[in-house]
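Peer 1: First the structure, then my questions, so here it is.
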Amino acid sequence: MLRLERVSAGYGRVTILHNISIEVNQGEVVTIVGANGAGKTTTLRTIAGLVRPTEGSITFDGKDIGRLPAHEVVDLGITLIPEGRQLFPHMTVRENLLMGAYTPRARGEVDQTLDFAFSLFPRVKEKLDQHAGSLSGGEQQMVAIARGLMAKPKLLLFDEPSLGLAPIIVKQVFETIDKIVATGVTVLIVEQNVFHTLSIADRGYVLENGEITMTDTGAALLKNDHVRRAYLGI
Amino acid sequence: MTVFWQLVLNGLMLGGLFAIISVGLTLIFGIIRLVNFAHGELLMVGMYATFLLTTQLGVHPYALAPPVVLLLFVVGVLIQRFILQPLLEARDHHVQIFATVGLSTALINLALLLFGADIHSTPAYGARTSLTLGPFRILTGHVVMFVAGILVVAGLHVFLQRTYLGRAIRATAQHRHAAQLMGIDINRIYIITFGIGAACVGLAATLVAPMYPVSPTVGTYFVLTAFVVVVLGGMGSLHGAFIGALIIGLVDSLSGYYIAPDLKEVVIFAIFILILLVRPTGLFGLGRGSE
Ligand SMILES: Nc1ncnc2c1ncn2[C@@H]1O[C@H](COP(=O)(O)OP(=O)(O)OP(=O)(O)O)[C@@H](O)[C@H]1O
Ligand SMILES: [Mg+2]
């Protein structure tokens, strides 16, 4: 479904990603594991079209998307739920959700998608008329995920959905991610909570200093000594 | 006392005009984050267009609002697309600001070349006749400005709040990266926004033309005032620009009478400096951007 082949990318003259190759197949949950600053966010931003690859190719459903601007990538069915939530703070929750369904493809089915989002996040429904900026961190993350779903994505990219949340909220976020995965959406996820993501992931990649150093099934990576020492602290 | 209320009335009417010019400026600032120093010259372009069409075709200036608004929209779109957007890649925002300064100078000189430095008066077609309202007298053209000002601000408000495109414009202002992730083509949003800002000035031009003569530098006076309005209301705030315009209209009218006509600009700029010192975010400013 998604294939990165020998992709290099960075900011300005600084190259952050070196020759990385990643593949995500239809229906899979794939995770990227890496230390702070390894380039996980940059990888997702490159797929989403916010960062231009300097080398290599990115294909989605067989189509070359490496040169497409971000707004066209969304229309093809790739949605990034970004690190730090990035809601529109002075818009209501309802407006944030409507913005999620901005693409022509999603706009026609707003009502059904809203119902689906509410079934996952009943709390969000109660906050519809509040400004997104006034919500708690956990609520904001729920809205960010719901907003991402509004785009009717085929491939959902999660960047650190549990970052900065209280443990009990983290648990809720993971429960909803599990529910989303159960609906059959393909997922590429980056999480600091490596243990949980590796246990739900079909496959994982280890990213170190902008290079893929290891890839295996989620279960195998969980047992891998290097992964356990470096990322699970065991 | 009648004089005072007469002046208040005049001030509010004038405020309607300032509102139309200022909302365009504040929109461009709030969304593109660009201080458009060519705003006044766009007004000048609109006024010359109105002047020419009225004198050549013998059409009422108000009837020219649709074509002049459209013309300025297109001019705005072209400026953003072919002058400012290519400079966006220059990363440094100052380059764009200098570009608008350069554009302003270029347009003034172009007008000098085409029309000379003389002032030209557009036929008023009754816009300068006054209506009597009890003890007060009020120019027809001023009433039109006031009503148009309210309609423009209300119309823009509804557009920004209720339509997908309007919401996309607000979203882009609040978080441009996130807006892209929603599927919004932000370059297109900037182009449309600049077009709308210029279109507002086009409308203002058809309303001002019958009231004030046009000259290559006519834009400077109105737009310097509009800058004060925008700062007073809070840069980027629509209703701030509206309230600010009414306040500055009142100040203009009252200080022109009670202090001295020649000093009213001094008073307005004293207010400008005062706001910057006391409350740089203005009345309704949100403070720094949300990014
Ligand atoms: N906008 C930017 N401009 C320049 N350099 C950047 C930018 N964003 C990130 N970087 C640099 O790129 C490198 C990789 O950052 P990235 O955000 O991709 O890492 P990450 O793996 O997501 O880290 P974290 O776990 O902290 O989120 C870092 O060295 C960072 O300083
Ligand atoms: Mg990151």
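Identifiers in the structure tokens: chain A, B, ... in order shown; residue index from 1 per chain; ligand index from 1 in order shown.
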Do you know which residues are at most 9 Å from Ile28 of chain B counting only C-alpha atoms, after dropping those on the same chain fewer than 2 positions away, and could you put them as JSON, numbers by chain?

Peer 2: {"B": [23, 24, 25, 26, 30, 31, 32, 33, 34, 35, 36, 190, 193, 194, 196, 197, 236]}

Peer 1: Throw together the list of residues within 10 Å of ligand 1, counting only C-alpha atoms and all ligand atoms, and drop it here as a PyMOL selection string.

Peer 2: chain A and resi 9-17+32-46+51+83-84+159-160+163+190-192+207-210

Peer 1: May I have the selected residues written with N, CA, C and O atoms, as a short mmCIF file (atom, residue, chain, number, x, y, z; two decimals), in the first residue's frame?

Peer 2:
```cif
data_model
loop_
_atom_site.label_atom_id
_atom_site.label_comp_id
_atom_site.auth_asym_id
_atom_site.auth_seq_id
_atom_site.Cartn_x
_atom_site.Cartn_y
_atom_site.Cartn_z
N ALA A 9 15.62 12.69 3.36
CA ALA A 9 14.87 13.94 3.51
C ALA A 9 15.43 14.72 4.70
O ALA A 9 16.15 14.17 5.53
N GLY A 10 15.11 15.98 4.77
CA GLY A 10 15.59 16.80 5.88
C GLY A 10 15.01 18.19 5.80
O GLY A 10 14.05 18.44 5.08
N TYR A 11 15.63 19.09 6.56
CA TYR A 11 15.17 20.48 6.59
C TYR A 11 16.27 21.37 6.05
O TYR A 11 17.40 21.33 6.57
N GLY A 12 15.98 22.14 5.04
CA GLY A 12 17.00 22.99 4.46
C GLY A 12 18.15 22.14 3.96
O GLY A 12 17.96 21.17 3.23
N ARG A 13 19.34 22.46 4.41
CA ARG A 13 20.51 21.72 3.93
C ARG A 13 20.84 20.52 4.83
O ARG A 13 21.73 19.74 4.52
N VAL A 14 20.12 20.41 5.95
CA VAL A 14 20.40 19.31 6.88
C VAL A 14 19.60 18.08 6.50
O VAL A 14 18.38 18.11 6.45
N THR A 15 20.31 16.99 6.21
CA THR A 15 19.62 15.73 5.92
C THR A 15 19.39 14.99 7.22
O THR A 15 20.31 14.80 8.02
N ILE A 16 18.13 14.60 7.47
CA ILE A 16 17.79 13.91 8.71
C ILE A 16 17.61 12.42 8.43
O ILE A 16 18.08 11.57 9.16
N LEU A 17 16.91 12.11 7.34
CA LEU A 17 16.66 10.71 7.00
C LEU A 17 17.62 10.28 5.90
O LEU A 17 17.78 10.98 4.90
N ILE A 32 7.11 2.48 14.04
CA ILE A 32 8.51 2.89 13.94
C ILE A 32 8.98 3.22 15.35
O ILE A 32 8.36 4.02 16.04
N VAL A 33 10.05 2.55 15.75
CA VAL A 33 10.60 2.74 17.09
C VAL A 33 11.91 3.49 16.96
O VAL A 33 12.69 3.23 16.05
N GLY A 34 12.13 4.46 17.83
CA GLY A 34 13.40 5.17 17.77
C GLY A 34 13.54 6.15 18.91
O GLY A 34 12.53 6.54 19.52
N ALA A 35 14.76 6.55 19.18
CA ALA A 35 15.02 7.47 20.29
C ALA A 35 14.56 8.88 19.91
O ALA A 35 14.21 9.15 18.75
N ASN A 36 14.60 9.79 20.87
CA ASN A 36 14.27 11.19 20.59
C ASN A 36 15.23 11.73 19.54
O ASN A 36 16.44 11.55 19.64
N GLY A 37 14.66 12.37 18.54
CA GLY A 37 15.50 12.97 17.51
C GLY A 37 15.97 12.02 16.44
O GLY A 37 16.76 12.39 15.57
N ALA A 38 15.49 10.77 16.49
CA ALA A 38 15.93 9.78 15.49
C ALA A 38 15.39 10.11 14.10
O ALA A 38 15.97 9.71 13.09
N GLY A 39 14.28 10.83 14.06
CA GLY A 39 13.71 11.19 12.75
C GLY A 39 12.34 10.58 12.50
O GLY A 39 11.87 10.53 11.37
N LYS A 40 11.67 10.15 13.57
CA LYS A 40 10.36 9.50 13.41
C LYS A 40 9.32 10.49 12.88
O LYS A 40 8.61 10.21 11.92
N THR A 41 9.27 11.66 13.52
CA THR A 41 8.33 12.68 13.07
C THR A 41 8.64 13.11 11.65
O THR A 41 7.74 13.26 10.81
N THR A 42 9.92 13.26 11.36
CA THR A 42 10.33 13.66 10.01
C THR A 42 9.86 12.62 8.99
O THR A 42 9.40 12.96 7.90
N THR A 43 9.95 11.33 9.36
CA THR A 43 9.50 10.29 8.45
C THR A 43 8.01 10.46 8.14
O THR A 43 7.60 10.44 6.98
N LEU A 44 7.21 10.65 9.19
CA LEU A 44 5.76 10.79 8.97
C LEU A 44 5.45 12.05 8.18
O LEU A 44 4.58 12.06 7.32
N ARG A 45 6.17 13.13 8.50
CA ARG A 45 5.92 14.38 7.78
C ARG A 45 6.31 14.25 6.30
O ARG A 45 5.70 14.88 5.44
N THR A 46 7.32 13.44 6.03
CA THR A 46 7.73 13.24 4.64
C THR A 46 6.65 12.47 3.88
O THR A 46 6.30 12.81 2.76
N VAL A 51 7.25 17.46 4.23
CA VAL A 51 8.69 17.54 3.99
C VAL A 51 8.95 16.86 2.65
O VAL A 51 8.41 15.78 2.39
N GLU A 83 2.04 15.05 15.89
CA GLU A 83 2.58 15.19 17.24
C GLU A 83 2.12 16.54 17.80
O GLU A 83 2.13 17.55 17.10
N GLY A 84 1.70 16.55 19.04
CA GLY A 84 1.29 17.81 19.66
C GLY A 84 -0.11 18.25 19.26
O GLY A 84 -0.50 19.39 19.48
N ASP A 159 1.38 10.13 15.22
CA ASP A 159 2.67 10.56 15.78
C ASP A 159 2.53 10.85 17.26
O ASP A 159 1.93 11.83 17.66
N GLU A 160 3.04 9.93 18.07
CA GLU A 160 3.06 10.06 19.52
C GLU A 160 1.71 10.47 20.11
O GLU A 160 1.60 11.50 20.78
N LEU A 163 1.67 11.32 23.93
CA LEU A 163 2.67 12.25 24.47
C LEU A 163 2.05 13.26 25.44
O LEU A 163 1.07 13.91 25.13
N VAL A 190 3.91 5.89 15.48
CA VAL A 190 5.13 6.19 16.20
C VAL A 190 4.71 6.46 17.63
O VAL A 190 3.79 7.23 17.86
N GLU A 191 5.32 5.77 18.58
CA GLU A 191 4.91 5.94 19.97
C GLU A 191 6.10 5.79 20.90
O GLU A 191 6.94 4.94 20.68
N GLN A 192 6.09 6.64 21.93
CA GLN A 192 7.14 6.47 22.93
C GLN A 192 6.84 5.25 23.80
O GLN A 192 7.72 4.63 24.36
N LEU A 207 14.44 2.86 14.00
CA LEU A 207 15.06 4.00 13.32
C LEU A 207 16.10 4.59 14.26
O LEU A 207 15.79 4.98 15.39
N GLU A 208 17.35 4.63 13.82
CA GLU A 208 18.41 5.20 14.64
C GLU A 208 19.20 6.20 13.84
O GLU A 208 19.71 5.88 12.76
N ASN A 209 19.29 7.43 14.34
CA ASN A 209 19.98 8.51 13.63
C ASN A 209 19.60 8.61 12.16
O ASN A 209 20.45 8.76 11.30
N GLY A 210 18.31 8.49 11.89
CA GLY A 210 17.84 8.67 10.53
C GLY A 210 18.05 7.48 9.62
O GLY A 210 17.86 7.58 8.41
#
```

Peer 1: For a quick check of understanding, using only C-alpha atoms, which of B:Leu64, B:Ala38, B:Ala171, B:Ile97 has the smallest distance to chain A?

Peer 2: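 Of the candidates, the smallest distance to chain A is held by B:Ala171.
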
Peer 1: Could you list, as a PyMOL selection string, every residue of chain B that has an atom within 6 Å of an atom of chain A, counting only C-alpha atoms?

Peer 2: chain B and resi 174+178+180+182-185

Peer 1: Determine which residues of segment 8-65 of chain A receive a DSSP assignment of strand (DSSP E or B), computed from the backbone, and state them as a ChimeraX atom specification.

Peer 2: /A:8-11,14-24,29-34,53-60,63-64

Peer 1: What residues in segment 11-186 of chain A get the DSSP label helix (DSSP H, G or I)? Please answer as a VMD selection string.

Peer 2: chain A and resid 40 to 48 70 to 76 93 to 100 104 to 107 110 to 120 122 to 126 132 to 134 137 to 149 167 to 182

Peer 1: Smallest atom-to-atom distance to Ala106 of chain B: which of B:Gln80, B:Leu12, B:Leu203, B:Glu41, using only C-alpha atoms?

Peer 2: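 For Ala106 of chain B, the nearest of the given residues is B:Glu41.
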
Peer 1: In terms of the shortest atom-to-atom distance over only C-alpha atoms and all ligand atoms, which of A:Ile65, A:Ile189, A:Leu232, A:Val7 is closest to ligand 2?

Peer 2: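 Comparing A:Ile65, A:Ile189, A:Leu232, A:Val7 against ligand 2, the winner is A:Ile189.
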
Peer 1: Write out as an NGL selection string the residues lying within 9 Å of segment 110-116 of chain B, counting only C-alpha atoms and excluding same-chain residues fewer than 3 positions away.

Peer 2: :B and (44-45 or 48 or 105-107 or 119-120 or 215-217)

Peer 1: Just write the chosen residues, C-alpha atoms, as a CSV table (one decimal), in the first residue's frame.

Peer 2:
```
chain,number,residue,atom,x,y,z
B,44,MET,CA,-6.1,54.5,-5.7
B,45,VAL,CA,-6.3,52.0,-8.6
B,48,TYR,CA,-9.1,55.8,-11.0
B,105,THR,CA,5.8,53.0,-5.2
B,106,ALA,CA,5.4,51.5,-8.6
B,107,LEU,CA,1.7,52.0,-8.6
B,119,ILE,CA,-6.4,65.7,-8.8
B,120,HIS,CA,-9.5,64.5,-10.7
B,215,SER,CA,-4.8,61.6,-7.2
B,216,PRO,CA,-1.8,59.2,-7.3
B,217,THR,CA,-1.2,59.6,-3.6
```

Peer 1: Give me the residues near segment 264-270 of chain B as a PyMOL selection string, where near means some atom within 9 Å (using only C-alpha atoms) and where sequence neighbours in that chain fewer than 2 positions away do not count.

Peer 2: chain B and resi 225+228+248+251-257+259-262+272-275

Peer 1: Taking only C-alpha atoms and all ligand atoms into account, which of A:Ser162, A:Thr215, A:Arg203, A:Phe195 comes nearest ligand 2?

Peer 2: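 Smallest distance to ligand 2 is found for A:Ser162.
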
Peer 1: Fewer than 4 positions away in the same chain doesn't count, so skip those; otherwise give me all residues within 12 Å of Leu149 of chain A, counting only C-alpha atoms, as a count of residues only.

Peer 2: 44

Peer 1: Extract, using only C-alpha atoms, all DNA, RNA and protein residues at most 7 Å from Ile22 of chain A, discarding same-chain residues fewer than 6 positions from it, and format them as a PyMOL selection string.

Peer 2: chain A and resi 3-5

Peer 1: If you keep N, CA and C atoms, can you produce a file of those selected residues as a PDB file, in the first residue's frame?

Peer 2:
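As a result, result35.pdb now contains:
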```
ATOM      1  N   ARG A   3       4.925   2.524   0.199  1.00  0.00           N
ATOM      2  CA  ARG A   3       6.284   2.020   0.085  1.00  0.00           C
ATOM      3  C   ARG A   3       7.266   3.193  -0.026  1.00  0.00           C
ATOM      4  N   LEU A   4       8.175   3.253   0.930  1.00  0.00           N
ATOM      5  CA  LEU A   4       9.254   4.244   0.850  1.00  0.00           C
ATOM      6  C   LEU A   4      10.496   3.502   0.392  1.00  0.00           C
ATOM      7  N   GLU A   5      11.105   3.979  -0.678  1.00  0.00           N
ATOM      8  CA  GLU A   5      12.299   3.305  -1.165  1.00  0.00           C
ATOM      9  C   GLU A   5      13.493   4.240  -1.136  1.00  0.00           C
TER      10      GLU A   5
END
```

Peer 1: Show which residues sit within 10 Å of His157 of chain B, as a list in words. Count only C-alpha atoms, and ignore same-chain residues fewer than 6 positions away.

Peer 2: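 These residues fall inside the cut-off: Leu151, Gly166, Leu238 and His239 of chain B.
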
Peer 1: Out of A:Lys63, A:Arg52, A:Pro161, A:Gly27, which residue has the shortest atom-to-atom distance to ligand 2 when counting only C-alpha atoms and all ligand atoms?

Peer 2: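 Nearest to ligand 2: A:Pro161.
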
Peer 1: Which is closer to Gly233 of chain B than all the others in B:Leu42, B:Ala19, B:Leu72, B:Ile192, using only C-alpha atoms?

Peer 2: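 Checking each candidate against Gly233 of chain B, we get B:Ala19 as the closest.
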
Peer 1: Take atom CA of Leu131 of chain B and atom CA of Ala204 of chain B and report the distance between them in Å, one decimal.

Peer 2: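 Computing the Euclidean distance for atom CA of Leu131 of chain B and atom CA of Ala204 of chain B yields 21.3 Å.
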